[in-house]
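Trainee: Sharing a structure, written as structure tokens. Questions coming.
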Amino acid sequence: MPAAIDVHGLTKSYGDHHAVRGVDLTVEEGEILAFLGPNGAGKTTTIEILEGFRDRTSGEVRVLGEDPETAPLSWRERIGIVLQESEPVPELTAAEAVHMQAGYYTSPRDPAATLELVGLAHSADQRTRKLSGGQKRRLDLALALVGNPSLIFLDEPTTGFDPSARRESWGMIDALRELGSTVLLTTHYMDEAEHLADRIVVIADGLIVAEGTADELAASVDAATRITWAPRPDDPRPPERLGWTSDGSGGALIETNDVLLTLHSLTSWATQMSIDLPKLNVARPSLEDVYLKLTGAPEGGDA
């Protein structure tokens with residue numbers, strides 16, 4: 001089965017500025033892939049090339065089997081795009097907006113079923129200007145899905161959502177997997193990427209610097225697990241062999257890649273000394289920790 005997206009040696013230059021410097025990227029059919037990168041990494045440029053909105057300087061690009069630069073209109077109908085910011089026609093109801101969008105396609109999804117899928121069935125007759133921010137984002141997704149696309153680009157789909165709305169949106173995006181859709185997701189929320197994506201690709205300085213699951217990315221940068229606890233003032237000092245240090249706030253910290261053995265040694269020592277380990281906590285490296293190590297930059301926008 002051919003890949004939904006197949007890219008080799010992709011470059012994009014603007015004079016002396018090389019925004020994309022040789023990207024190789026494959027997204028399999030039915031996969032949800034998170035594409036992450038800091039400001040100026042080349043993420044948005046790459047995606048716009050894949051969507052057919054920007055020409056490349058060099059390289060081979062196939063999206064749903066076609067070159068986006070020369071693909072026919074029928075190819076465009078197979079792609080759905082949720083932009084980071086959009087504004088529906090305020091005078092239309094949600095149902096009217098989706099019906100109008102459906103009219104642009106030869107074989108659209110049923111508009112009512114699409115509204116049901118994104119959780120807007122009960123707001124179908126509401127004017128879009130009266131929809132909440134979360135409801136408007138659901139409408140954005142409905143407009144992208146009503147064409148029954150094989151491939152969906154989701155650009156920051158939950159920006160501005162409160163935690164509850166974000167979680168609800170995750171359920172909608174998970175449902176796309178059941179529809180058999182391929183999804184390329186960009187997000188600045190690391191927990192979102194970790195929850196939703198089958199695979200994560202990180203771009204920095206115009207190059208892919210890592211790809212894999214969250215666990216595979218953590219292993220690639222040798223990110224350590226942090227074991228912390230809060231010793232009491234009269235507790236004995238732990239043995240030096242545990243490699244512990246102060247965490248800077250009166251607590252004790254061990255950073256290790258051998259979690260099981262280290263915990264065994266720590267708890268065996270505590271049992272031998274007949275003491276507790278108050279507030280014992282084991283924190284594996286988060287995707288954000290790994291991301292910062294891979295890119296050396298805080299998460300932000302992209303160009």
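Residue numbers start at 1 in each chain; chains themselves are named A, B, ... in the order of the structure tokens; ligands are numbered from 1 in the order shown.
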List as a ChimeraX atom specification the protein and nucleic acid residues near region 177-184 of chain A, meaning an atom at most 6 Å away when only C-alpha atoms are counted, but skip any in the same chain fewer than 5 places from it.

Mentor: /A:29-33,150-153

Trainee: Take the residues from that selection and write them out as a CSV table (one decimal), in the first residue's frame, keeping N, CA and C atoms.

Mentor:
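To be explicit, this is the file written out as out39.csv:
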chain,number,residue,atom,x,y,z
A,29,GLU,N,-0.9,5.5,5.3
A,29,GLU,CA,-2.3,5.6,5.3
A,29,GLU,C,-2.9,5.2,6.6
A,30,GLY,N,-3.8,6.0,7.1
A,30,GLY,CA,-4.5,5.7,8.4
A,30,GLY,C,-3.7,6.1,9.6
A,31,GLU,N,-2.6,6.7,9.4
A,31,GLU,CA,-1.7,7.1,10.6
A,31,GLU,C,-2.1,8.5,11.0
A,32,ILE,N,-2.0,8.7,12.3
A,32,ILE,CA,-2.0,10.1,12.9
A,32,ILE,C,-0.6,10.4,13.3
A,33,LEU,N,-0.1,11.4,12.6
A,33,LEU,CA,1.3,11.8,12.8
A,33,LEU,C,1.4,13.3,13.3
A,150,SER,N,-9.4,11.8,2.4
A,150,SER,CA,-8.6,10.7,2.8
A,150,SER,C,-7.5,11.2,3.7
A,151,LEU,N,-7.1,12.5,3.6
A,151,LEU,CA,-6.0,13.0,4.3
A,151,LEU,C,-6.4,14.4,4.9
A,152,ILE,N,-6.1,14.6,6.2
A,152,ILE,CA,-6.6,15.8,6.9
A,152,ILE,C,-5.4,16.4,7.6
A,153,PHE,N,-5.2,17.7,7.3
A,153,PHE,CA,-4.2,18.5,8.0
A,153,PHE,C,-4.9,19.3,9.1

Trainee: Could you give me, as a PDB file with N, CA, C and O atoms, in the first residue's frame, the residues within 9 Å of Pro68 (chain A), counting only C-alpha atoms and dropping anything in the same chain fewer than 2 positions from it?

Mentor:
ATOM      1  N   ILE A  49       3.767  23.222   1.471  1.00  0.00           N
ATOM      2  CA  ILE A  49       4.192  22.524   0.252  1.00  0.00           C
ATOM      3  C   ILE A  49       3.371  21.250   0.069  1.00  0.00           C
ATOM      4  O   ILE A  49       2.908  20.942  -1.043  1.00  0.00           O
ATOM      5  N   LEU A  50       3.153  20.516   1.161  1.00  0.00           N
ATOM      6  CA  LEU A  50       2.365  19.285   1.080  1.00  0.00           C
ATOM      7  C   LEU A  50       0.923  19.581   0.687  1.00  0.00           C
ATOM      8  O   LEU A  50       0.279  18.780  -0.014  1.00  0.00           O
ATOM      9  N   GLU A  51       0.396  20.718   1.134  1.00  0.00           N
ATOM     10  CA  GLU A  51      -0.992  21.081   0.834  1.00  0.00           C
ATOM     11  C   GLU A  51      -1.148  21.676  -0.566  1.00  0.00           C
ATOM     12  O   GLU A  51      -2.273  21.887  -1.023  1.00  0.00           O
ATOM     13  N   GLY A  52      -0.025  21.957  -1.231  1.00  0.00           N
ATOM     14  CA  GLY A  52      -0.083  22.515  -2.567  1.00  0.00           C
ATOM     15  C   GLY A  52      -0.203  24.021  -2.608  1.00  0.00           C
ATOM     16  O   GLY A  52      -0.490  24.601  -3.661  1.00  0.00           O
ATOM     17  N   PHE A  53       0.035  24.687  -1.467  1.00  0.00           N
ATOM     18  CA  PHE A  53      -0.070  26.146  -1.415  1.00  0.00           C
ATOM     19  C   PHE A  53       1.270  26.850  -1.606  1.00  0.00           C
ATOM     20  O   PHE A  53       1.314  28.076  -1.703  1.00  0.00           O
ATOM     21  N   ASP A  55       5.271  26.367  -3.591  1.00  0.00           N
ATOM     22  CA  ASP A  55       6.164  25.579  -4.445  1.00  0.00           C
ATOM     23  C   ASP A  55       7.450  25.250  -3.687  1.00  0.00           C
ATOM     24  O   ASP A  55       7.904  26.017  -2.831  1.00  0.00           O
ATOM     25  N   VAL A  61       8.004  15.043  -3.931  1.00  0.00           N
ATOM     26  CA  VAL A  61       6.869  15.088  -3.012  1.00  0.00           C
ATOM     27  C   VAL A  61       5.693  14.358  -3.651  1.00  0.00           C
ATOM     28  O   VAL A  61       5.298  14.678  -4.783  1.00  0.00           O
ATOM     29  N   ARG A  62       5.146  13.410  -2.927  1.00  0.00           N
ATOM     30  CA  ARG A  62       3.929  12.736  -3.349  1.00  0.00           C
ATOM     31  C   ARG A  62       2.954  12.742  -2.181  1.00  0.00           C
ATOM     32  O   ARG A  62       3.269  12.299  -1.084  1.00  0.00           O
ATOM     33  N   VAL A  63       1.770  13.274  -2.441  1.00  0.00           N
ATOM     34  CA  VAL A  63       0.701  13.318  -1.441  1.00  0.00           C
ATOM     35  C   VAL A  63      -0.512  12.650  -2.063  1.00  0.00           C
ATOM     36  O   VAL A  63      -1.009  13.092  -3.113  1.00  0.00           O
ATOM     37  N   GLU A  66       0.047  11.968  -5.728  1.00  0.00           N
ATOM     38  CA  GLU A  66       0.193  13.049  -6.696  1.00  0.00           C
ATOM     39  C   GLU A  66       1.237  14.054  -6.221  1.00  0.00           C
ATOM     40  O   GLU A  66       1.490  14.204  -5.027  1.00  0.00           O
ATOM     41  N   THR A  70       1.253  19.885  -9.284  1.00  0.00           N
ATOM     42  CA  THR A  70       0.590  19.631 -10.564  1.00  0.00           C
ATOM     43  C   THR A  70      -0.676  18.793 -10.415  1.00  0.00           C
ATOM     44  O   THR A  70      -1.273  18.397 -11.414  1.00  0.00           O
ATOM     45  N   ALA A  71      -1.099  18.540  -9.191  1.00  0.00           N
ATOM     46  CA  ALA A  71      -2.233  17.644  -8.953  1.00  0.00           C
ATOM     47  C   ALA A  71      -3.537  18.246  -9.479  1.00  0.00           C
ATOM     48  O   ALA A  71      -3.741  19.460  -9.433  1.00  0.00           O
ATOM     49  N   PRO A  72      -4.447  17.404  -9.981  1.00  0.00           N
ATOM     50  CA  PRO A  72      -5.726  17.903 -10.515  1.00  0.00           C
ATOM     51  C   PRO A  72      -6.698  18.270  -9.391  1.00  0.00           C
ATOM     52  O   PRO A  72      -6.455  18.002  -8.213  1.00  0.00           O
ATOM     53  N   TRP A  75      -7.756  15.729  -6.832  1.00  0.00           N
ATOM     54  CA  TRP A  75      -6.830  15.513  -5.704  1.00  0.00           C
ATOM     55  C   TRP A  75      -7.177  16.436  -4.550  1.00  0.00           C
ATOM     56  O   TRP A  75      -7.193  16.021  -3.397  1.00  0.00           O
ATOM     57  N   ARG A  76      -7.489  17.694  -4.851  1.00  0.00           N
ATOM     58  CA  ARG A  76      -7.830  18.660  -3.807  1.00  0.00           C
ATOM     59  C   ARG A  76      -9.043  18.205  -3.012  1.00  0.00           C
ATOM     60  O   ARG A  76      -9.144  18.439  -1.799  1.00  0.00           O
TER      61      ARG A  76
END

Trainee: With only C-alpha atoms as the basis for distance, which of A:Pro90, A:Gly171, A:Pro111, A:Pro149 is at the shortest distance from Lys136 (chain A)?

Mentor: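 Comparing A:Pro90, A:Gly171, A:Pro111, A:Pro149 against Lys136 (chain A), the winner is A:Pro90.
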
Trainee: Any chance you could list, as a PDB file with N, CA and C atoms, in the first residue's frame, the residues in region 73-250 of chain A that come up alpha helix (DSSP H) when DSSP is run on the backbone?

Mentor:
ATOM      1  N   LEU A  73      -7.805  18.881  -9.762  1.00  0.00           N
ATOM      2  CA  LEU A  73      -8.818  19.299  -8.789  1.00  0.00           C
ATOM      3  C   LEU A  73      -9.340  18.111  -7.991  1.00  0.00           C
ATOM      4  N   SER A  74      -9.436  16.955  -8.635  1.00  0.00           N
ATOM      5  CA  SER A  74      -9.933  15.769  -7.931  1.00  0.00           C
ATOM      6  C   SER A  74      -9.042  15.420  -6.738  1.00  0.00           C
ATOM      7  N   TRP A  75      -7.756  15.729  -6.832  1.00  0.00           N
ATOM      8  CA  TRP A  75      -6.830  15.513  -5.704  1.00  0.00           C
ATOM      9  C   TRP A  75      -7.177  16.436  -4.550  1.00  0.00           C
ATOM     10  N   ARG A  76      -7.489  17.694  -4.851  1.00  0.00           N
ATOM     11  CA  ARG A  76      -7.830  18.660  -3.807  1.00  0.00           C
ATOM     12  C   ARG A  76      -9.043  18.205  -3.012  1.00  0.00           C
ATOM     13  N   ALA A  94     -24.764  26.812  11.537  1.00  0.00           N
ATOM     14  CA  ALA A  94     -23.734  25.778  11.403  1.00  0.00           C
ATOM     15  C   ALA A  94     -24.118  24.791  10.304  1.00  0.00           C
ATOM     16  N   ALA A  95     -25.411  24.419  10.261  1.00  0.00           N
ATOM     17  CA  ALA A  95     -25.863  23.468   9.247  1.00  0.00           C
ATOM     18  C   ALA A  95     -25.729  24.060   7.846  1.00  0.00           C
ATOM     19  N   GLU A  96     -26.082  25.338   7.694  1.00  0.00           N
ATOM     20  CA  GLU A  96     -25.987  25.974   6.383  1.00  0.00           C
ATOM     21  C   GLU A  96     -24.534  26.065   5.922  1.00  0.00           C
ATOM     22  N   ALA A  97     -23.627  26.354   6.853  1.00  0.00           N
ATOM     23  CA  ALA A  97     -22.209  26.446   6.502  1.00  0.00           C
ATOM     24  C   ALA A  97     -21.687  25.105   6.007  1.00  0.00           C
ATOM     25  N   VAL A  98     -22.086  24.030   6.675  1.00  0.00           N
ATOM     26  CA  VAL A  98     -21.608  22.705   6.284  1.00  0.00           C
ATOM     27  C   VAL A  98     -22.250  22.273   4.972  1.00  0.00           C
ATOM     28  N   HIS A  99     -23.542  22.563   4.790  1.00  0.00           N
ATOM     29  CA  HIS A  99     -24.208  22.235   3.521  1.00  0.00           C
ATOM     30  C   HIS A  99     -23.556  22.989   2.365  1.00  0.00           C
ATOM     31  N   MET A 100     -23.233  24.268   2.571  1.00  0.00           N
ATOM     32  CA  MET A 100     -22.596  25.048   1.513  1.00  0.00           C
ATOM     33  C   MET A 100     -21.237  24.449   1.153  1.00  0.00           C
ATOM     34  N   GLN A 101     -20.463  24.068   2.181  1.00  0.00           N
ATOM     35  CA  GLN A 101     -19.155  23.470   1.931  1.00  0.00           C
ATOM     36  C   GLN A 101     -19.300  22.145   1.195  1.00  0.00           C
ATOM     37  N   ALA A 102     -20.310  21.372   1.555  1.00  0.00           N
ATOM     38  CA  ALA A 102     -20.526  20.077   0.908  1.00  0.00           C
ATOM     39  C   ALA A 102     -20.783  20.240  -0.586  1.00  0.00           C
ATOM     40  N   PRO A 111     -23.992  16.056   5.488  1.00  0.00           N
ATOM     41  CA  PRO A 111     -23.749  17.172   6.400  1.00  0.00           C
ATOM     42  C   PRO A 111     -24.274  16.942   7.810  1.00  0.00           C
ATOM     43  N   ALA A 112     -25.466  16.361   7.922  1.00  0.00           N
ATOM     44  CA  ALA A 112     -26.018  16.111   9.254  1.00  0.00           C
ATOM     45  C   ALA A 112     -25.153  15.118  10.022  1.00  0.00           C
ATOM     46  N   ALA A 113     -24.691  14.081   9.335  1.00  0.00           N
ATOM     47  CA  ALA A 113     -23.821  13.095   9.988  1.00  0.00           C
ATOM     48  C   ALA A 113     -22.488  13.725  10.370  1.00  0.00           C
ATOM     49  N   THR A 114     -22.016  14.667   9.559  1.00  0.00           N
ATOM     50  CA  THR A 114     -20.757  15.340   9.865  1.00  0.00           C
ATOM     51  C   THR A 114     -20.894  16.203  11.109  1.00  0.00           C
ATOM     52  N   LEU A 115     -22.005  16.932  11.213  1.00  0.00           N
ATOM     53  CA  LEU A 115     -22.253  17.737  12.420  1.00  0.00           C
ATOM     54  C   LEU A 115     -22.363  16.848  13.654  1.00  0.00           C
ATOM     55  N   GLU A 116     -22.976  15.700  13.496  1.00  0.00           N
ATOM     56  CA  GLU A 116     -23.075  14.748  14.610  1.00  0.00           C
ATOM     57  C   GLU A 116     -21.693  14.260  15.015  1.00  0.00           C
ATOM     58  N   LEU A 117     -20.847  13.983  14.035  1.00  0.00           N
ATOM     59  CA  LEU A 117     -19.510  13.460  14.300  1.00  0.00           C
ATOM     60  C   LEU A 117     -18.688  14.431  15.138  1.00  0.00           C
ATOM     61  N   GLY A 133     -16.110  29.729  21.121  1.00  0.00           N
ATOM     62  CA  GLY A 133     -14.837  29.443  20.476  1.00  0.00           C
ATOM     63  C   GLY A 133     -14.652  27.957  20.220  1.00  0.00           C
ATOM     64  N   GLY A 134     -15.004  27.139  21.186  1.00  0.00           N
ATOM     65  CA  GLY A 134     -14.887  25.695  21.012  1.00  0.00           C
ATOM     66  C   GLY A 134     -15.816  25.163  19.944  1.00  0.00           C
ATOM     67  N   GLN A 135     -17.033  25.707  19.880  1.00  0.00           N
ATOM     68  CA  GLN A 135     -17.988  25.278  18.859  1.00  0.00           C
ATOM     69  C   GLN A 135     -17.522  25.693  17.466  1.00  0.00           C
ATOM     70  N   LYS A 136     -16.920  26.871  17.358  1.00  0.00           N
ATOM     71  CA  LYS A 136     -16.394  27.302  16.056  1.00  0.00           C
ATOM     72  C   LYS A 136     -15.273  26.378  15.594  1.00  0.00           C
ATOM     73  N   ARG A 137     -14.463  25.914  16.551  1.00  0.00           N
ATOM     74  CA  ARG A 137     -13.384  24.989  16.181  1.00  0.00           C
ATOM     75  C   ARG A 137     -13.964  23.665  15.718  1.00  0.00           C
ATOM     76  N   ARG A 138     -15.059  23.244  16.330  1.00  0.00           N
ATOM     77  CA  ARG A 138     -15.737  22.027  15.879  1.00  0.00           C
ATOM     78  C   ARG A 138     -16.297  22.224  14.466  1.00  0.00           C
ATOM     79  N   LEU A 139     -16.804  23.419  14.221  1.00  0.00           N
ATOM     80  CA  LEU A 139     -17.318  23.710  12.884  1.00  0.00           C
ATOM     81  C   LEU A 139     -16.183  23.689  11.857  1.00  0.00           C
ATOM     82  N   ASP A 140     -15.016  24.217  12.236  1.00  0.00           N
ATOM     83  CA  ASP A 140     -13.849  24.147  11.344  1.00  0.00           C
ATOM     84  C   ASP A 140     -13.571  22.702  10.948  1.00  0.00           C
ATOM     85  N   LEU A 141     -13.636  21.811  11.928  1.00  0.00           N
ATOM     86  CA  LEU A 141     -13.375  20.401  11.649  1.00  0.00           C
ATOM     87  C   LEU A 141     -14.468  19.819  10.762  1.00  0.00           C
ATOM     88  N   ALA A 142     -15.720  20.202  11.017  1.00  0.00           N
ATOM     89  CA  ALA A 142     -16.821  19.712  10.184  1.00  0.00           C
ATOM     90  C   ALA A 142     -16.643  20.147   8.738  1.00  0.00           C
ATOM     91  N   LEU A 143     -16.209  21.393   8.524  1.00  0.00           N
ATOM     92  CA  LEU A 143     -16.007  21.891   7.167  1.00  0.00           C
ATOM     93  C   LEU A 143     -14.877  21.147   6.459  1.00  0.00           C
ATOM     94  N   ALA A 144     -13.887  20.707   7.236  1.00  0.00           N
ATOM     95  CA  ALA A 144     -12.790  19.930   6.650  1.00  0.00           C
ATOM     96  C   ALA A 144     -13.205  18.497   6.351  1.00  0.00           C
ATOM     97  N   LEU A 145     -14.129  17.971   7.137  1.00  0.00           N
ATOM     98  CA  LEU A 145     -14.507  16.562   7.000  1.00  0.00           C
ATOM     99  C   LEU A 145     -15.636  16.315   6.007  1.00  0.00           C
ATOM    100  N   PRO A 163      -9.224  23.154  29.237  1.00  0.00           N
ATOM    101  CA  PRO A 163      -8.829  21.738  29.327  1.00  0.00           C
ATOM    102  C   PRO A 163      -9.951  20.761  28.992  1.00  0.00           C
ATOM    103  N   SER A 164     -11.174  21.074  29.419  1.00  0.00           N
ATOM    104  CA  SER A 164     -12.285  20.162  29.143  1.00  0.00           C
ATOM    105  C   SER A 164     -12.581  20.090  27.645  1.00  0.00           C
ATOM    106  N   ALA A 165     -12.604  21.244  26.999  1.00  0.00           N
ATOM    107  CA  ALA A 165     -12.871  21.262  25.559  1.00  0.00           C
ATOM    108  C   ALA A 165     -11.767  20.572  24.782  1.00  0.00           C
ATOM    109  N   ARG A 166     -10.515  20.730  25.246  1.00  0.00           N
ATOM    110  CA  ARG A 166      -9.404  20.056  24.579  1.00  0.00           C
ATOM    111  C   ARG A 166      -9.587  18.552  24.627  1.00  0.00           C
ATOM    112  N   ARG A 167      -9.961  18.040  25.797  1.00  0.00           N
ATOM    113  CA  ARG A 167     -10.145  16.594  25.934  1.00  0.00           C
ATOM    114  C   ARG A 167     -11.276  16.099  25.037  1.00  0.00           C
ATOM    115  N   GLU A 168     -12.349  16.874  24.941  1.00  0.00           N
ATOM    116  CA  GLU A 168     -13.442  16.477  24.067  1.00  0.00           C
ATOM    117  C   GLU A 168     -12.980  16.435  22.604  1.00  0.00           C
ATOM    118  N   SER A 169     -12.153  17.417  22.238  1.00  0.00           N
ATOM    119  CA  SER A 169     -11.653  17.461  20.870  1.00  0.00           C
ATOM    120  C   SER A 169     -10.741  16.276  20.568  1.00  0.00           C
ATOM    121  N   TRP A 170     -10.006  15.834  21.574  1.00  0.00           N
ATOM    122  CA  TRP A 170      -9.169  14.650  21.378  1.00  0.00           C
ATOM    123  C   TRP A 170     -10.022  13.454  20.965  1.00  0.00           C
ATOM    124  N   GLY A 171     -11.205  13.353  21.572  1.00  0.00           N
ATOM    125  CA  GLY A 171     -12.097  12.249  21.210  1.00  0.00           C
ATOM    126  C   GLY A 171     -12.525  12.334  19.760  1.00  0.00           C
ATOM    127  N   MET A 172     -12.776  13.560  19.286  1.00  0.00           N
ATOM    128  CA  MET A 172     -13.146  13.739  17.875  1.00  0.00           C
ATOM    129  C   MET A 172     -12.009  13.325  16.951  1.00  0.00           C
ATOM    130  N   ILE A 173     -10.791  13.737  17.316  1.00  0.00           N
ATOM    131  CA  ILE A 173      -9.644  13.416  16.453  1.00  0.00           C
ATOM    132  C   ILE A 173      -9.369  11.920  16.496  1.00  0.00           C
ATOM    133  N   ASP A 174      -9.531  11.304  17.657  1.00  0.00           N
ATOM    134  CA  ASP A 174      -9.404   9.849  17.745  1.00  0.00           C
ATOM    135  C   ASP A 174     -10.405   9.158  16.820  1.00  0.00           C
ATOM    136  N   ALA A 175     -11.595   9.743  16.710  1.00  0.00           N
ATOM    137  CA  ALA A 175     -12.631   9.143  15.868  1.00  0.00           C
ATOM    138  C   ALA A 175     -12.234   9.137  14.396  1.00  0.00           C
ATOM    139  N   LEU A 176     -11.365  10.068  13.993  1.00  0.00           N
ATOM    140  CA  LEU A 176     -10.913  10.090  12.604  1.00  0.00           C
ATOM    141  C   LEU A 176     -10.166   8.816  12.252  1.00  0.00           C
ATOM    142  N   ARG A 177      -9.501   8.248  13.256  1.00  0.00           N
ATOM    143  CA  ARG A 177      -8.787   6.993  13.033  1.00  0.00           C
ATOM    144  C   ARG A 177      -9.771   5.890  12.642  1.00  0.00           C
ATOM    145  N   GLU A 178     -10.929   5.893  13.306  1.00  0.00           N
ATOM    146  CA  GLU A 178     -11.935   4.881  13.005  1.00  0.00           C
ATOM    147  C   GLU A 178     -12.514   5.057  11.602  1.00  0.00           C
ATOM    148  N   MET A 190       2.344  19.381  24.037  1.00  0.00           N
ATOM    149  CA  MET A 190       3.052  18.111  23.973  1.00  0.00           C
ATOM    150  C   MET A 190       2.184  16.944  24.437  1.00  0.00           C
ATOM    151  N   ASP A 191       1.316  17.172  25.432  1.00  0.00           N
ATOM    152  CA  ASP A 191       0.442  16.092  25.887  1.00  0.00           C
ATOM    153  C   ASP A 191      -0.542  15.697  24.795  1.00  0.00           C
ATOM    154  N   GLU A 192      -0.945  16.667  23.975  1.00  0.00           N
ATOM    155  CA  GLU A 192      -1.843  16.388  22.862  1.00  0.00           C
ATOM    156  C   GLU A 192      -1.167  15.500  21.824  1.00  0.00           C
ATOM    157  N   ALA A 193       0.058  15.838  21.480  1.00  0.00           N
ATOM    158  CA  ALA A 193       0.800  15.024  20.518  1.00  0.00           C
ATOM    159  C   ALA A 193       1.004  13.614  21.048  1.00  0.00           C
ATOM    160  N   GLU A 194       1.345  13.511  22.326  1.00  0.00           N
ATOM    161  CA  GLU A 194       1.610  12.199  22.913  1.00  0.00           C
ATOM    162  C   GLU A 194       0.354  11.349  22.954  1.00  0.00           C
ATOM    163  N   HIS A 195      -0.795  11.980  23.252  1.00  0.00           N
ATOM    164  CA  HIS A 195      -2.053  11.233  23.363  1.00  0.00           C
ATOM    165  C   HIS A 195      -2.587  10.792  22.006  1.00  0.00           C
ATOM    166  N   LEU A 196      -2.495  11.675  21.018  1.00  0.00           N
ATOM    167  CA  LEU A 196      -3.187  11.433  19.757  1.00  0.00           C
ATOM    168  C   LEU A 196      -2.361  10.705  18.707  1.00  0.00           C
ATOM    169  N   ALA A 214       6.712   8.584  21.530  1.00  0.00           N
ATOM    170  CA  ALA A 214       7.257   9.405  22.615  1.00  0.00           C
ATOM    171  C   ALA A 214       8.350   8.652  23.362  1.00  0.00           C
ATOM    172  N   ASP A 215       8.147   7.360  23.612  1.00  0.00           N
ATOM    173  CA  ASP A 215       9.160   6.563  24.314  1.00  0.00           C
ATOM    174  C   ASP A 215      10.429   6.434  23.480  1.00  0.00           C
ATOM    175  N   GLU A 216      10.266   6.251  22.183  1.00  0.00           N
ATOM    176  CA  GLU A 216      11.442   6.119  21.319  1.00  0.00           C
ATOM    177  C   GLU A 216      12.226   7.427  21.254  1.00  0.00           C
ATOM    178  N   LEU A 217      11.516   8.549  21.240  1.00  0.00           N
ATOM    179  CA  LEU A 217      12.205   9.840  21.235  1.00  0.00           C
ATOM    180  C   LEU A 217      12.954  10.051  22.543  1.00  0.00           C
ATOM    181  N   ALA A 218      12.342   9.665  23.666  1.00  0.00           N
ATOM    182  CA  ALA A 218      13.021   9.795  24.958  1.00  0.00           C
ATOM    183  C   ALA A 218      14.286   8.955  24.991  1.00  0.00           C
ATOM    184  N   ALA A 219      14.209   7.751  24.444  1.00  0.00           N
ATOM    185  CA  ALA A 219      15.393   6.886  24.419  1.00  0.00           C
ATOM    186  C   ALA A 219      16.481   7.471  23.527  1.00  0.00           C
ATOM    187  N   SER A 220      16.082   8.167  22.472  1.00  0.00           N
ATOM    188  CA  SER A 220      17.073   8.692  21.529  1.00  0.00           C
ATOM    189  C   SER A 220      17.912   9.805  22.132  1.00  0.00           C
TER     190      SER A 220
END

Trainee: Please provide as a count of residues only all residues within 9 Å of Glu91 (chain A), with the sequence filter that same-chain residues fewer than 3 positions apart are discarded (counting only C-alpha atoms).

Mentor: 4

Trainee: Measuring atom to atom with only C-alpha atoms, identify which of A:Thr93, A:Thr106, A:Gln84, A:Thr159 is nearest to Gln126 (chain A).

Mentor: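 Smallest separation from Gln126 (chain A) among the options: A:Thr93.
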